[in-house]
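See structure below.
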Amino acid sequence: MARMCGRYASSRRPEDLAGIFEIEKWDPEETLAPDYNVAPTKEVYAVLDRPLKDAEDPRPVRQLRKLKWGLVPSWSKTPEGGARMINARAETVHEKPSYKRAFSSRRCIIPADGYYEWVTAAAERELEVEGKKKRPRKQPYFVLPADGSVFAMAGLYEFWRDKTLPDDHPQAWWVTCSVITTEAETGPLAVAPAEGPRALADIHPRMPLMLTPDRWDSWLDPSRTDVEDLRSLLAPPPPGLMRAYPVSTAVSNVRNNGPELLKELEGPEEGTLF
């Protein structure tokens, strides 16, 4: 089964995110352009609570930071594996060596408009079962909160030191992140396309773990380190909050980027899928 979430959209301005998440500190010089086709290894926005660097006050401060998507564990010898570590499973994140340290003390929220997922056409699925070699046709769908609110994806972040560079080098430290995923909802979508999936699980068995606003503060609080307490925050959101619709296959090429990628189609481009 293919990994996910591997592509999402993030077009909100930092000023808007600052208001939504009650950000206390963000650097205008770290502003990212709207990105409608976020892919692994790109720089992304993340919300986190931690003391400010070199500040005398040790209290955590709500910050909007620019991180690289693809977590590199602090103990890793090289950063090469980061592109493969874009997701962490909610069921095992507390015990996997690559994630468990970050899970206990370096949690973040990765804001998105929504995420993309691809559905293989029914005829191609049958060919795959029969073992015939053919590149399957896939239709992308965009999944987002039905009320248009921000999709607050649960995430982890980590620091990695490039020991080949001096301390004062601007690239001596990497700050990377990963999106936590959970089982996709099997209940009905709040708004379903006229033709296509009735539930998120019809699109893909996994989905990014969306944190509802009542869990933001608890998730970001670095003083909460009890594993079982933290695992209670990994419950999927209530059903019926999401919608999904087909979008252009242009999003399948990471070089394509623009608001047109979010345009809702009347039906799948790739024929009957369900």
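Naming scheme: A, B, ... for chains in displayed order of the structure tokens; residues 1 onward per chain; ligands 1 onward as shown.
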Original post:
Tell me, which residues of segment 25-203 of chain A carry DSSP alpha helix (DSSP H), written as a list in words?
Top reply: Lys100, Arg101, Ala102, Phe103, Ser104, Ser105, Ala122, Ala123, Glu124, Arg125, Glu126, Leu127, Glu128 and Val129 of chain A
Closest pair table for segment 34-53 of chain A residues within 10 Å of segment 207-219 of chain A, only C-alpha atoms, as a tab-separated table:
residue	atom	partner	partner_atom	distance
A:Val47	CA	A:Trp216	CA	9.8
A:Leu48	CA	A:Trp219	CA	9.4
A:Asp49	CA	A:Asp217	CA	9.0
Residue subset to file, keeping all heavy atoms, as a tab-separated table (two decimals), in the first residue's frame:
chain	number	residue	atom	x	y	z
A	47	VAL	N	3.50	25.05	13.38
A	47	VAL	CA	3.22	25.77	14.63
A	47	VAL	C	3.78	24.94	15.77
A	47	VAL	O	3.53	23.73	15.86
A	47	VAL	CB	1.69	25.96	14.81
A	47	VAL	CG1	1.40	26.67	16.12
A	47	VAL	CG2	1.10	26.71	13.62
A	48	LEU	N	4.54	25.58	16.65
A	48	LEU	CA	5.12	24.85	17.77
A	48	LEU	C	5.28	25.76	18.99
A	48	LEU	O	5.32	26.99	18.86
A	48	LEU	CB	6.46	24.23	17.37
A	48	LEU	CG	7.50	25.13	16.72
A	48	LEU	CD1	8.43	25.73	17.77
A	48	LEU	CD2	8.33	24.35	15.70
A	49	ASP	N	5.34	25.15	20.15
A	49	ASP	CA	5.57	25.85	21.41
A	49	ASP	C	6.93	25.45	21.94
A	49	ASP	O	7.15	24.28	22.26
A	49	ASP	CB	4.50	25.48	22.45
A	49	ASP	CG	3.16	26.14	22.20
A	49	ASP	OD1	3.02	26.82	21.18
A	49	ASP	OD2	2.24	25.95	23.03
Original post:
Between atom CA of Asp147 of chain A and atom CA of Gly70 of chain A, what is the spacing in Å?
Top reply: 28.8 Å
Considering only C-alpha atoms, return as a PDB file with N, CA, C and O atoms, in the first residue's frame whatever protein or nucleic-acid residues lie within 7 Å of Val227 of chain A, sequence-local ones (same chain, fewer than 2 positions apart) excluded.
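This is the output file selection_31.pdb:
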ATOM      1  N   HIS A  94       4.755   6.322  19.181  1.00  0.00           N
ATOM      2  CA  HIS A  94       5.342   6.408  20.531  1.00  0.00           C
ATOM      3  C   HIS A  94       6.463   5.414  20.768  1.00  0.00           C
ATOM      4  O   HIS A  94       7.198   5.539  21.750  1.00  0.00           O
ATOM      5  N   SER A 104       7.508  12.633  22.442  1.00  0.00           N
ATOM      6  CA  SER A 104       7.430  12.971  23.864  1.00  0.00           C
ATOM      7  C   SER A 104       7.631  14.458  24.131  1.00  0.00           C
ATOM      8  O   SER A 104       7.127  14.969  25.139  1.00  0.00           O
ATOM      9  N   THR A 225       4.601  15.065  28.707  1.00  0.00           N
ATOM     10  CA  THR A 225       5.544  14.065  28.212  1.00  0.00           C
ATOM     11  C   THR A 225       5.103  12.630  28.486  1.00  0.00           C
ATOM     12  O   THR A 225       5.750  11.696  28.017  1.00  0.00           O
ATOM     13  N   ASP A 229      -0.754   9.588  28.147  1.00  0.00           N
ATOM     14  CA  ASP A 229      -1.520  10.827  28.103  1.00  0.00           C
ATOM     15  C   ASP A 229      -1.501  11.397  26.686  1.00  0.00           C
ATOM     16  O   ASP A 229      -2.541  11.807  26.143  1.00  0.00           O
ATOM     17  N   LEU A 230      -0.333  11.398  26.072  1.00  0.00           N
ATOM     18  CA  LEU A 230      -0.205  11.942  24.720  1.00  0.00           C
ATOM     19  C   LEU A 230      -0.937  11.082  23.699  1.00  0.00           C
ATOM     20  O   LEU A 230      -1.538  11.603  22.749  1.00  0.00           O
ATOM     21  N   ARG A 231      -0.913   9.783  23.885  1.00  0.00           N
ATOM     22  CA  ARG A 231      -1.591   8.900  22.935  1.00  0.00           C
ATOM     23  C   ARG A 231      -3.097   9.152  22.913  1.00  0.00           C
ATOM     24  O   ARG A 231      -3.747   8.938  21.893  1.00  0.00           O
TER      25      ARG A 231
END
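All residues of protein, DNA or RNA that reach within 8 Å of segment 38-41 of chain A, judged by only C-alpha atoms and not counting those fewer than 2 positions away in the chain, are Gly6, Arg7, Tyr8, Ala9, Ser10, Asp35, Tyr36, Glu43, Val44, Lys68, Trp69, Gly70, Gly82, Ala83, Ile86 and Val254 of chain A.
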Taking all heavy atoms for each residue, export the selection above as a short mmCIF file (atom, residue, chain, number, x, y, z; two decimals), in the first residue's frame.
data_model
loop_
_atom_site.label_atom_id
_atom_site.label_comp_id
_atom_site.auth_asym_id
_atom_site.auth_seq_id
_atom_site.Cartn_x
_atom_site.Cartn_y
_atom_site.Cartn_z
N GLY A 6 1.26 12.37 1.09
CA GLY A 6 2.45 12.71 0.34
C GLY A 6 2.36 14.01 -0.43
O GLY A 6 3.35 14.45 -1.00
N ARG A 7 1.21 14.65 -0.43
CA ARG A 7 1.01 15.92 -1.13
C ARG A 7 -0.10 16.69 -0.43
O ARG A 7 -1.14 16.11 -0.07
CB ARG A 7 0.58 15.62 -2.53
CG ARG A 7 1.32 16.02 -3.77
CD ARG A 7 2.75 16.20 -3.88
NE ARG A 7 3.34 15.23 -4.77
CZ ARG A 7 3.07 15.14 -6.04
NH1 ARG A 7 2.21 15.92 -6.62
NH2 ARG A 7 3.67 14.21 -6.76
N TYR A 8 0.09 17.96 -0.24
CA TYR A 8 -1.00 18.78 0.31
C TYR A 8 -0.88 20.21 -0.20
O TYR A 8 0.06 20.56 -0.92
CB TYR A 8 -1.02 18.71 1.84
CG TYR A 8 0.13 19.36 2.60
CD1 TYR A 8 0.03 20.69 3.04
CD2 TYR A 8 1.27 18.65 2.94
CE1 TYR A 8 1.05 21.28 3.77
CE2 TYR A 8 2.29 19.24 3.67
CZ TYR A 8 2.18 20.55 4.09
OH TYR A 8 3.19 21.14 4.81
N ALA A 9 -1.85 21.05 0.16
CA ALA A 9 -1.86 22.45 -0.25
C ALA A 9 -1.78 23.33 0.99
O ALA A 9 -2.39 23.03 2.02
CB ALA A 9 -3.13 22.77 -1.05
N SER A 10 -1.04 24.42 0.87
CA SER A 10 -0.88 25.36 1.99
C SER A 10 -0.79 26.77 1.42
O SER A 10 0.29 27.20 1.00
CB SER A 10 0.37 25.01 2.80
OG SER A 10 0.58 25.95 3.84
N ASP A 35 1.61 27.59 -1.59
CA ASP A 35 2.04 26.37 -2.26
C ASP A 35 0.85 25.44 -2.40
O ASP A 35 0.29 24.97 -1.41
CB ASP A 35 3.16 25.69 -1.46
CG ASP A 35 3.90 24.63 -2.27
OD1 ASP A 35 3.31 24.11 -3.24
OD2 ASP A 35 5.05 24.32 -1.93
N TYR A 36 0.44 25.18 -3.63
CA TYR A 36 -0.73 24.34 -3.90
C TYR A 36 -0.35 22.91 -4.22
O TYR A 36 -1.21 22.11 -4.57
CB TYR A 36 -1.54 24.96 -5.04
CG TYR A 36 -2.05 26.34 -4.72
CD1 TYR A 36 -1.28 27.47 -5.03
CD2 TYR A 36 -3.26 26.53 -4.06
CE1 TYR A 36 -1.73 28.75 -4.71
CE2 TYR A 36 -3.72 27.80 -3.75
CZ TYR A 36 -2.95 28.91 -4.06
OH TYR A 36 -3.39 30.16 -3.73
N GLU A 43 10.09 23.17 2.10
CA GLU A 43 9.94 23.90 3.35
C GLU A 43 8.45 24.19 3.57
O GLU A 43 7.73 24.56 2.63
CB GLU A 43 10.73 25.20 3.32
CG GLU A 43 12.23 24.98 3.34
CD GLU A 43 13.01 26.27 3.46
OE1 GLU A 43 12.63 27.25 2.78
OE2 GLU A 43 13.98 26.32 4.25
N VAL A 44 8.01 24.00 4.80
CA VAL A 44 6.59 24.14 5.13
C VAL A 44 6.45 24.90 6.44
O VAL A 44 7.39 25.00 7.23
CB VAL A 44 5.90 22.76 5.26
CG1 VAL A 44 6.02 21.98 3.95
CG2 VAL A 44 6.50 21.95 6.41
N LYS A 68 11.62 21.76 7.21
CA LYS A 68 11.71 20.93 6.01
C LYS A 68 10.88 19.66 6.23
O LYS A 68 11.00 19.00 7.27
CB LYS A 68 13.17 20.57 5.72
CG LYS A 68 13.37 19.80 4.41
CD LYS A 68 14.83 19.42 4.23
CE LYS A 68 15.68 20.62 3.90
NZ LYS A 68 15.43 21.11 2.51
N TRP A 69 10.03 19.33 5.24
CA TRP A 69 9.13 18.18 5.39
C TRP A 69 9.88 16.89 5.06
O TRP A 69 10.29 16.66 3.93
CB TRP A 69 7.92 18.34 4.49
CG TRP A 69 6.87 17.29 4.70
CD1 TRP A 69 6.70 16.50 5.80
CD2 TRP A 69 5.85 16.91 3.78
NE1 TRP A 69 5.62 15.66 5.64
CE2 TRP A 69 5.09 15.89 4.40
CE3 TRP A 69 5.50 17.33 2.50
CZ2 TRP A 69 4.01 15.29 3.77
CZ3 TRP A 69 4.42 16.74 1.88
CH2 TRP A 69 3.68 15.73 2.51
N GLY A 70 10.04 16.05 6.06
CA GLY A 70 10.77 14.80 5.96
C GLY A 70 11.71 14.70 7.14
O GLY A 70 12.80 15.28 7.14
N GLY A 82 15.44 11.49 5.10
CA GLY A 82 14.34 12.39 5.44
C GLY A 82 13.17 12.35 4.48
O GLY A 82 12.01 12.41 4.89
N ALA A 83 13.47 12.23 3.18
CA ALA A 83 12.40 12.23 2.18
C ALA A 83 11.46 11.05 2.34
O ALA A 83 10.32 11.09 1.89
CB ALA A 83 13.00 12.23 0.77
N ILE A 86 8.17 11.15 5.84
CA ILE A 86 7.21 12.26 5.82
C ILE A 86 5.98 11.95 6.66
O ILE A 86 5.22 12.85 7.00
CB ILE A 86 6.79 12.60 4.38
CG1 ILE A 86 6.15 11.39 3.70
CG2 ILE A 86 7.99 13.10 3.58
CD1 ILE A 86 5.52 11.69 2.36
N VAL A 254 4.64 17.31 -9.74
CA VAL A 254 5.00 18.24 -8.66
C VAL A 254 5.44 19.59 -9.19
O VAL A 254 5.43 20.59 -8.46
CB VAL A 254 6.09 17.60 -7.77
CG1 VAL A 254 7.42 17.58 -8.47
CG2 VAL A 254 6.19 18.33 -6.43
#
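When only C-alpha atoms are used to compute distances to Ser74 of chain A, the closest of the residues A:Leu144, A:Val247, A:Cys177, A:Cys108 turns out to be A:Cys177.
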**OP:** Just list the residues in segment 50-148 of chain A DSSP gives strand (DSSP E or B) on the backbone, as a VMD selection string.
**Re:** chain A and resid 50 61 to 69 87 to 89 107 to 112 114 to 120 138 to 145
Residues from the last selection, N, CA and C atoms, saved as a tab-separated table (two decimals), in the first residue's frame:
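Saved result, part.tsv, follows:
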chain	number	residue	atom	x	y	z
A	50	ARG	N	7.85	26.42	22.04
A	50	ARG	CA	9.15	26.16	22.65
A	50	ARG	C	9.78	27.50	23.06
A	61	VAL	N	6.97	29.55	23.90
A	61	VAL	CA	6.33	30.61	23.13
A	61	VAL	C	5.74	30.00	21.86
A	62	ARG	N	4.49	30.35	21.56
A	62	ARG	CA	3.83	29.85	20.36
A	62	ARG	C	4.48	30.50	19.13
A	63	GLN	N	5.08	29.67	18.27
A	63	GLN	CA	5.83	30.17	17.13
A	63	GLN	C	5.32	29.57	15.82
A	64	LEU	N	5.49	30.34	14.75
A	64	LEU	CA	5.28	29.83	13.40
A	64	LEU	C	6.66	29.72	12.79
A	65	ARG	N	7.07	28.49	12.47
A	65	ARG	CA	8.41	28.25	11.98
A	65	ARG	C	8.38	27.64	10.58
A	66	LYS	N	9.50	27.78	9.90
A	66	LYS	CA	9.66	27.20	8.57
A	66	LYS	C	10.54	25.96	8.71
A	67	LEU	N	9.97	24.78	8.44
A	67	LEU	CA	10.68	23.52	8.60
A	67	LEU	C	10.74	22.78	7.26
A	68	LYS	N	11.62	21.76	7.21
A	68	LYS	CA	11.71	20.93	6.01
A	68	LYS	C	10.88	19.66	6.23
A	69	TRP	N	10.03	19.33	5.24
A	69	TRP	CA	9.13	18.18	5.39
A	69	TRP	C	9.88	16.89	5.06
A	87	ASN	N	5.76	10.68	6.99
A	87	ASN	CA	4.60	10.25	7.76
A	87	ASN	C	5.04	9.40	8.95
A	88	ALA	N	4.31	9.52	10.04
A	88	ALA	CA	4.49	8.66	11.21
A	88	ALA	C	3.11	8.12	11.58
A	89	ARG	N	3.01	6.82	11.78
A	89	ARG	CA	1.71	6.21	12.08
A	89	ARG	C	1.32	6.47	13.54
A	107	ARG	N	6.38	18.19	19.49
A	107	ARG	CA	5.17	18.03	18.67
A	107	ARG	C	4.80	19.37	18.03
A	108	CYS	N	4.21	19.32	16.88
A	108	CYS	CA	3.84	20.55	16.18
A	108	CYS	C	2.52	20.34	15.44
A	109	ILE	N	2.02	21.42	14.90
A	109	ILE	CA	0.86	21.39	14.02
A	109	ILE	C	1.32	21.90	12.66
A	110	ILE	N	1.01	21.14	11.63
A	110	ILE	CA	1.37	21.53	10.27
A	110	ILE	C	0.08	21.97	9.56
A	111	PRO	N	-0.10	23.27	9.38
A	111	PRO	CA	-1.36	23.76	8.80
A	111	PRO	C	-1.43	23.52	7.29
A	112	ALA	N	-2.62	23.17	6.84
A	112	ALA	CA	-2.85	22.90	5.42
A	112	ALA	C	-4.24	23.37	5.03
A	114	GLY	N	-5.76	21.43	2.79
A	114	GLY	CA	-6.26	20.07	2.64
A	114	GLY	C	-5.17	19.23	2.01
A	115	TYR	N	-5.46	17.97	1.76
A	115	TYR	CA	-4.44	17.09	1.18
A	115	TYR	C	-4.99	16.38	-0.05
A	116	TYR	N	-4.06	15.90	-0.88
A	116	TYR	CA	-4.41	15.17	-2.09
A	116	TYR	C	-4.24	13.68	-1.86
A	117	GLU	N	-5.11	12.91	-2.48
A	117	GLU	CA	-4.95	11.46	-2.49
A	117	GLU	C	-5.45	10.95	-3.83
A	118	TRP	N	-4.83	9.86	-4.30
A	118	TRP	CA	-5.12	9.33	-5.63
A	118	TRP	C	-5.89	8.02	-5.54
A	119	VAL	N	-6.89	7.88	-6.41
A	119	VAL	CA	-7.70	6.68	-6.48
A	119	VAL	C	-7.43	5.99	-7.81
A	120	THR	N	-7.14	4.70	-7.75
A	120	THR	CA	-6.89	3.92	-8.96
A	120	THR	C	-8.22	3.51	-9.58
A	138	LYS	N	-4.85	6.98	-12.41
A	138	LYS	CA	-5.21	7.41	-11.06
A	138	LYS	C	-5.84	8.80	-11.10
A	139	GLN	N	-6.92	8.94	-10.34
A	139	GLN	CA	-7.63	10.21	-10.25
A	139	GLN	C	-7.33	10.87	-8.90
A	140	PRO	N	-6.78	12.08	-8.90
A	140	PRO	CA	-6.54	12.75	-7.62
A	140	PRO	C	-7.82	13.37	-7.04
A	141	TYR	N	-7.92	13.30	-5.74
A	141	TYR	CA	-8.99	13.96	-4.98
A	141	TYR	C	-8.36	14.92	-3.99
A	142	PHE	N	-9.07	16.01	-3.72
A	142	PHE	CA	-8.63	16.95	-2.69
A	142	PHE	C	-9.57	16.79	-1.50
A	143	VAL	N	-8.98	16.62	-0.32
A	143	VAL	CA	-9.75	16.39	0.91
A	143	VAL	C	-9.50	17.57	1.84
A	144	LEU	N	-10.57	18.15	2.37
A	144	LEU	CA	-10.45	19.35	3.19
A	144	LEU	C	-11.60	19.44	4.18
A	145	PRO	N	-11.48	20.26	5.22
A	145	PRO	CA	-12.60	20.47	6.13
A	145	PRO	C	-13.78	21.06	5.38
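Distance-wise, atom CA of Thr92 of chain A and atom CA of Ser232 of chain A end up 13.0 Å apart.
If only C-alpha atoms are the atoms counted, then among A:Glu95, A:Thr164, A:Ile23, A:Pro236 the closest residue to Thr181 of chain A is A:Pro236.
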Original post:
For the atom pair atom CA of Ala102 of chain A and atom CA of Pro60 of chain A, what is the interatomic distance in Å to one decimal place?
Top reply: 15.9 Å
Original post:
Which polymer residues have any atom within 8 Å of an atom of Ala190 of chain A, counting only C-alpha atoms, with same-chain residues fewer than 4 positions away left out, as a ChimeraX atom specification?
Top reply: /A:146,240-243
Subject >> For Thr78 of chain A: contacts at 12 Å, only C-alpha atoms, fewer than 5 positions along chain excluded, given as a ChimeraX atom specification >> reply: /A:71-73,83,160-164,174
Subject >> Residue with smallest distance to Ser11 of chain A - pool A:Pro259, A:Pro166, A:Pro58, A:Gly267, counting only C-alpha atoms >> reply: A:Pro259
